[in-house]
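Asks: Sharing a structure below in C-alpha cells format, with a few things to ask.
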Amino acid sequence: MRIRRLPETTANRIAAGEVVERPAAAVKELVENALDAGATRLRIAIEGGGIDRILVEDDGAGMGVDDLALCIERHATSKLAEEGLLFRIATLGFRGEALPSIGAVARLAITSRLPGAPAHAITVEGGHVGAVAPAAGAPGTRVEVRDLFFATPARRKFLKSPRAEAEAVTDAVKRLAMGWPEVAFSLEVDGRATLTLPAADRAQRLRDLLGPDFAAAAVPVEGVQDGLDIEGFVALPSHTRATAAEQHLVVNRRPVRDPLLRVALRVAFRDVIAYGRHPVGAIFLTLPPEAVDVNVHPMKTELRFLRPDGVRGALISAVRRALAQGAGGEAAVPAMVAGLAETQLAYAGGGPRSAPWSAGRAEAWAQPQAASWAQPQAASWAQPRLGMPMPPPALAPAWEAPELGHPLGRAIAQLMETYIVAEAPDGALILVDQHAAHERLTQEALGAQRREGSVRTQPLLIPAVVELPQADAARLVEAAPMLAGLGLEIEGFGAGAVLVRAMPALLGAPEPAPLLRDLAEELAEWDSAMALERRLDAAIARLACHGSIRAGRRLAPAEMDALLRQMEATPRANTCSHGRPTWLKLDKAAFEKMFGRR
C-alpha cells in the first residue's frame, strides 16, 4: 500500500476533532477570541445544546476585509506577532485553529465591522470557503455556527443529549466569566436567558456565579512569591462537595483544569475535610507569561510551569493561611437539622474573624501551661487518667452576657456528657462536640511542636509492655524513629510485643495499648510511596485522637469556657482531624424556621 497525502478538507476535519470536540469547546474558543479582541459585552445564544446553533456577538475591535478572509485559514492568527512569542503567550488564543476547525465540521458565518467602517461577512460550510461580501452589522464581530458536525456524522453521533451539552456550554461560559469580571456576559439557551452577568468586580462576579452559600462560607486567599500572585477565595471545610466540579482555577485569566493545581488544593485541605469530600474555591494565579507553557494540549486547559514545585508550594501555603483561623469566624454554612425540615445550622458566624495564626499563638500552644486554660480545673484535661472525679457541670448561677470578643460565647451547660452548650454574643445557641474540638486543639499543638523541631515527651515511670500481633509489632518497631520525633518512644520487646518508654507530654496519660493498636493499623494502610510529611500528619492526627477528652467526660463550667477560648484562638478549629464539624450554631433565623415563625 502506497502512502498518499490526505485531501486538505479531510485533514482539516481530523484536526478539528482535537480543538472542537463538543459544542462547549466551540463556544469556549469563540468567547476567547472575543475577549482577546477587547470585548466589553458578550452575548452567547445556543439552540439544541449548541448542536443546532451557536451565536457569539461581541463589541470588540472587529476585523477588516483582509483579516476576515484570513481568519478562517488554519494557523492564521493575530496573537503571535513573531515566533519568539510562542514561549510567552499573553492571550487566550494563539494557535489560529478555532475558526477553521469549526468551519471544517459545521456551517460557519462571520460578520465583522471595524469602528467607522462598513461591515463584511464570510461563510464556510464543511470546509468550503465563500467570498467576503458586504453585510449589515454593528461594530465588533458576530459568529454564527449551525449544524455542528454535520460534515462528520460519526462525531455528532457521540455527542450527549442537548440538555447535557447545554449544561457543558453554561459551565464553559461561567468559567471564562469568572476570569473576566469587567466584561458583561449573557447566555441564552433555546431562547431563554439562563445567565446574565453585568460587569462587576471579582468578588461580586463570584457571588453571582457561585451563589450566596459560597459567599457566606468563603475566606480570602492571598499570596505573593517570586513573581507569582495568588488571589481568590476558598470555602471553609464545612462547605464541601462530593466532586471537584466546584474548584475553579484561573491562571493568567485562563480557566484551567491543571492536575498540579488540583493536587495542591487537595493537599491544603487534606487535614480539615472528610475523606471523599472535595473543597470548593475560586483561585486566580498571575505570573509572567514566560513562566508558564500553555501550549501543552489543544484545549489549553493543562499547563506546564517553569517552577512547578514553587507554584505548588505557594498555593498550598496561601490556602492553609486562609484556613488558619480559629473557630467563630464570619462564615456561615447552611445545613439540615435531623428531623426538622428546612432548618439552618452554621459552623461559623456571629463574631469578628479571628486574627491569623501567628508565631505567638504557636508558642502559646507549644507551652500549654502558659495558655489561658492552664488552671486547676483545666489541668485535668492533660491528665485524663488521674482518676480525679469531677462534679457534674451545672447552669451558671447568674446570667452573664458573653463578651463580644468571644465569638463562641459563654458555656452554660453540658448535654449528654458530650456536647457543650454556649450562648454567643448575638444570642445564638452554640453546640460544641467536646472530643472533636479538643482533638483539633491537640493536633495543632503537636504540629506546632513538631515544626519547632521537637515534640516534648513525658517518660513513663514504669515502661509499658504492649502485646500485639507480630506483624503489627514489626511495623511499629520499623516506624520507631519517625514516632520518636513525635514524642512516642518505643522499642521491640520480643516477637509480638512493644515496649513504650515515653509518650508525648501533651497527651497526658492515655492507655498505650489502644494507641499503638490504632497506629499499627494506620501504618498498615500507608502506601509505600506516601510522603513522609503525610505520614507524620496522619500519625499526629492519630495521637491527637487518643489524647483528647472523650465523649462521656463531665466538664466543669471553667473547663468548658477554656475549651471555647482555645477553639477561637486555634487555626482550623472548625473541624476535627477527620473533617467533621467541631461546633454548630443556631441563630435567631434558625429558631424562627424551626418554630414556624418564618
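Letters A, B, ... mark the chains of the C-alpha cells in the order given; residue numbers begin at 1 per chain; ligand numbers begin at 1, in order shown.
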Could you find all residues in stretch 408-501 of chain A that DSSP calls alpha helix (DSSP H) from the backbone, and write them as a short mmCIF file (atom, residue, chain, number, x, y, z; two decimals) with C-alpha atoms, in the first residue's frame?

Replies:
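Result saved to result_26.cif:
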data_model
loop_
_atom_site.label_atom_id
_atom_site.label_comp_id
_atom_site.auth_asym_id
_atom_site.auth_seq_id
_atom_site.Cartn_x
_atom_site.Cartn_y
_atom_site.Cartn_z
CA GLN A 434 -16.03 18.38 73.14
CA HIS A 435 -13.99 15.43 71.82
CA ALA A 436 -13.85 16.66 68.21
CA ALA A 437 -12.89 20.15 69.36
CA HIS A 438 -10.18 19.06 71.77
CA GLU A 439 -8.85 16.62 69.18
CA ARG A 440 -8.19 19.52 66.81
CA LEU A 441 -6.58 21.58 69.56
CA THR A 442 -4.27 18.71 70.47
CA GLN A 443 -3.37 18.06 66.84
CA GLU A 444 -2.47 21.69 66.21
CA ALA A 445 -0.40 21.79 69.40
CA LEU A 446 1.52 18.65 68.44
CA GLY A 447 2.02 20.01 64.93
CA ALA A 448 3.36 23.31 66.27
CA GLN A 449 5.86 21.49 68.48
CA ARG A 450 6.99 19.31 65.59
CA ARG A 451 7.52 22.34 63.36
CA GLN A 470 3.72 -9.99 65.31
CA ALA A 471 3.18 -8.09 62.04
CA ASP A 472 1.79 -5.04 63.86
CA ALA A 473 4.68 -5.02 66.32
CA ALA A 474 7.16 -5.23 63.45
CA ARG A 475 5.56 -2.29 61.68
CA LEU A 476 5.69 -0.17 64.81
CA VAL A 477 9.33 -1.00 65.50
CA GLU A 478 10.21 -0.15 61.91
CA ALA A 480 10.09 3.86 65.73
CA PRO A 481 12.48 6.61 64.52
CA MET A 482 9.62 8.56 62.98
CA LEU A 483 7.40 8.08 66.04
CA ALA A 484 10.24 9.21 68.31
#

Asks: Can you check which residues of stretch 43-212 of chain A DSSP gives as strand (DSSP E or B) on the backbone and send them as a ChimeraX atom specification?

Replies: /A:43-47,53-58,107-113,119-125,128-129,133-135,140-146,184-189,192-197

Asks: Which residues are near A:Gly409? Cut-off 6 Å, only C-alpha atoms, ignore same chain within fewer than 3 positions. Put them as a PyMOL selection string.

Replies: chain A and resi 402+406+422-425

Asks: For atom CA of A:Met178 and atom CA of A:Arg53, determine how far apart the two atoms are, in Å to one decimal place.

Replies: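 That distance, rounded to one decimal, is 24.3 Å.
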
Asks: Have a look at A:Ala244, A:Ala61, A:Val256, A:Ile102 and name the one nearest to A:Glu21; count only C-alpha atoms.

Replies: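 Closest residue, counting only C-alpha atoms: A:Ile102.
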
Asks: So what do you get for atom CA of A:Ala544 versus atom CA of A:Ala322, distance-wise?

Replies: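 Computed distance, atom CA of A:Ala544 to atom CA of A:Ala322, equals 22.8 Å.
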
Asks: Figure out the distance between atom CA of A:Arg320 and atom CA of A:Ala172, please, to one decimal in Å.

Replies: 28.3 Å

Asks: Write out as a PyMOL selection string the residues lying within 12 Å of A:Ala291, counting only C-alpha atoms and excluding same-chain residues fewer than 5 positions away.

Replies: chain A and resi 87-90+226-228+251-252+285-286+303-308+310-311

Asks: Generate a file of the selected residues that holds N, CA and C atoms, formatted as a PDB file, in the first residue's frame.

Replies:
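File produced: again-v4.pdb:
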ATOM      1  N   PHE A  87       6.658  31.399  23.393  1.00  0.00           N
ATOM      2  CA  PHE A  87       7.143  30.996  24.706  1.00  0.00           C
ATOM      3  C   PHE A  87       6.774  32.009  25.800  1.00  0.00           C
ATOM      4  N   ARG A  88       5.994  33.006  25.442  1.00  0.00           N
ATOM      5  CA  ARG A  88       5.477  33.951  26.439  1.00  0.00           C
ATOM      6  C   ARG A  88       4.102  34.442  25.986  1.00  0.00           C
ATOM      7  N   ILE A  89       3.150  33.503  25.971  1.00  0.00           N
ATOM      8  CA  ILE A  89       1.807  33.772  25.454  1.00  0.00           C
ATOM      9  C   ILE A  89       1.010  34.568  26.473  1.00  0.00           C
ATOM     10  N   ALA A  90       0.504  35.721  26.042  1.00  0.00           N
ATOM     11  CA  ALA A  90      -0.244  36.600  26.936  1.00  0.00           C
ATOM     12  C   ALA A  90      -1.705  36.726  26.526  1.00  0.00           C
ATOM     13  N   ASP A 226       7.922  35.345  44.494  1.00  0.00           N
ATOM     14  CA  ASP A 226       8.786  35.261  43.316  1.00  0.00           C
ATOM     15  C   ASP A 226       8.028  35.498  42.012  1.00  0.00           C
ATOM     16  N   GLY A 227       7.283  36.589  41.950  1.00  0.00           N
ATOM     17  CA  GLY A 227       6.570  36.910  40.725  1.00  0.00           C
ATOM     18  C   GLY A 227       5.234  36.234  40.579  1.00  0.00           C
ATOM     19  N   LEU A 228       4.883  35.331  41.482  1.00  0.00           N
ATOM     20  CA  LEU A 228       3.593  34.645  41.447  1.00  0.00           C
ATOM     21  C   LEU A 228       2.630  35.348  42.403  1.00  0.00           C
ATOM     22  N   VAL A 251      -5.491  30.784  35.628  1.00  0.00           N
ATOM     23  CA  VAL A 251      -4.091  31.172  35.534  1.00  0.00           C
ATOM     24  C   VAL A 251      -3.943  32.195  34.418  1.00  0.00           C
ATOM     25  N   ASN A 252      -3.471  33.370  34.781  1.00  0.00           N
ATOM     26  CA  ASN A 252      -3.345  34.465  33.818  1.00  0.00           C
ATOM     27  C   ASN A 252      -4.652  34.675  33.050  1.00  0.00           C
ATOM     28  N   LEU A 285      -4.331  32.791  39.729  1.00  0.00           N
ATOM     29  CA  LEU A 285      -2.880  32.888  39.761  1.00  0.00           C
ATOM     30  C   LEU A 285      -2.419  33.778  38.613  1.00  0.00           C
ATOM     31  N   THR A 286      -1.528  34.692  38.924  1.00  0.00           N
ATOM     32  CA  THR A 286      -0.953  35.564  37.910  1.00  0.00           C
ATOM     33  C   THR A 286       0.561  35.454  37.987  1.00  0.00           C
ATOM     34  N   LEU A 303      -1.445  22.976  31.891  1.00  0.00           N
ATOM     35  CA  LEU A 303      -0.295  23.869  31.801  1.00  0.00           C
ATOM     36  C   LEU A 303       0.982  23.139  32.175  1.00  0.00           C
ATOM     37  N   ARG A 304       2.093  23.773  31.853  1.00  0.00           N
ATOM     38  CA  ARG A 304       3.394  23.313  32.319  1.00  0.00           C
ATOM     39  C   ARG A 304       4.115  24.521  32.893  1.00  0.00           C
ATOM     40  N   PHE A 305       4.385  24.459  34.200  1.00  0.00           N
ATOM     41  CA  PHE A 305       5.024  25.586  34.875  1.00  0.00           C
ATOM     42  C   PHE A 305       6.534  25.455  34.833  1.00  0.00           C
ATOM     43  N   LEU A 306       7.199  26.595  34.726  1.00  0.00           N
ATOM     44  CA  LEU A 306       8.655  26.604  34.732  1.00  0.00           C
ATOM     45  C   LEU A 306       9.190  26.116  36.073  1.00  0.00           C
ATOM     46  N   ARG A 307       8.503  26.507  37.163  1.00  0.00           N
ATOM     47  CA  ARG A 307       8.878  26.087  38.514  1.00  0.00           C
ATOM     48  C   ARG A 307       7.664  25.453  39.191  1.00  0.00           C
ATOM     49  N   PRO A 308       7.342  24.211  38.820  1.00  0.00           N
ATOM     50  CA  PRO A 308       6.113  23.599  39.350  1.00  0.00           C
ATOM     51  C   PRO A 308       6.106  23.444  40.862  1.00  0.00           C
ATOM     52  N   GLY A 310       7.561  25.327  43.084  1.00  0.00           N
ATOM     53  CA  GLY A 310       7.334  26.625  43.700  1.00  0.00           C
ATOM     54  C   GLY A 310       5.869  27.034  43.629  1.00  0.00           C
ATOM     55  N   VAL A 311       5.228  26.792  42.478  1.00  0.00           N
ATOM     56  CA  VAL A 311       3.809  27.130  42.328  1.00  0.00           C
ATOM     57  C   VAL A 311       2.965  26.279  43.270  1.00  0.00           C
TER      58      VAL A 311
END

Asks: Which of these residues is nearest to A:Ser548, using only C-alpha atoms: A:Glu246, A:Asp433, A:Glu222, A:Asp52?

Replies: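 Closest candidate: A:Asp433.
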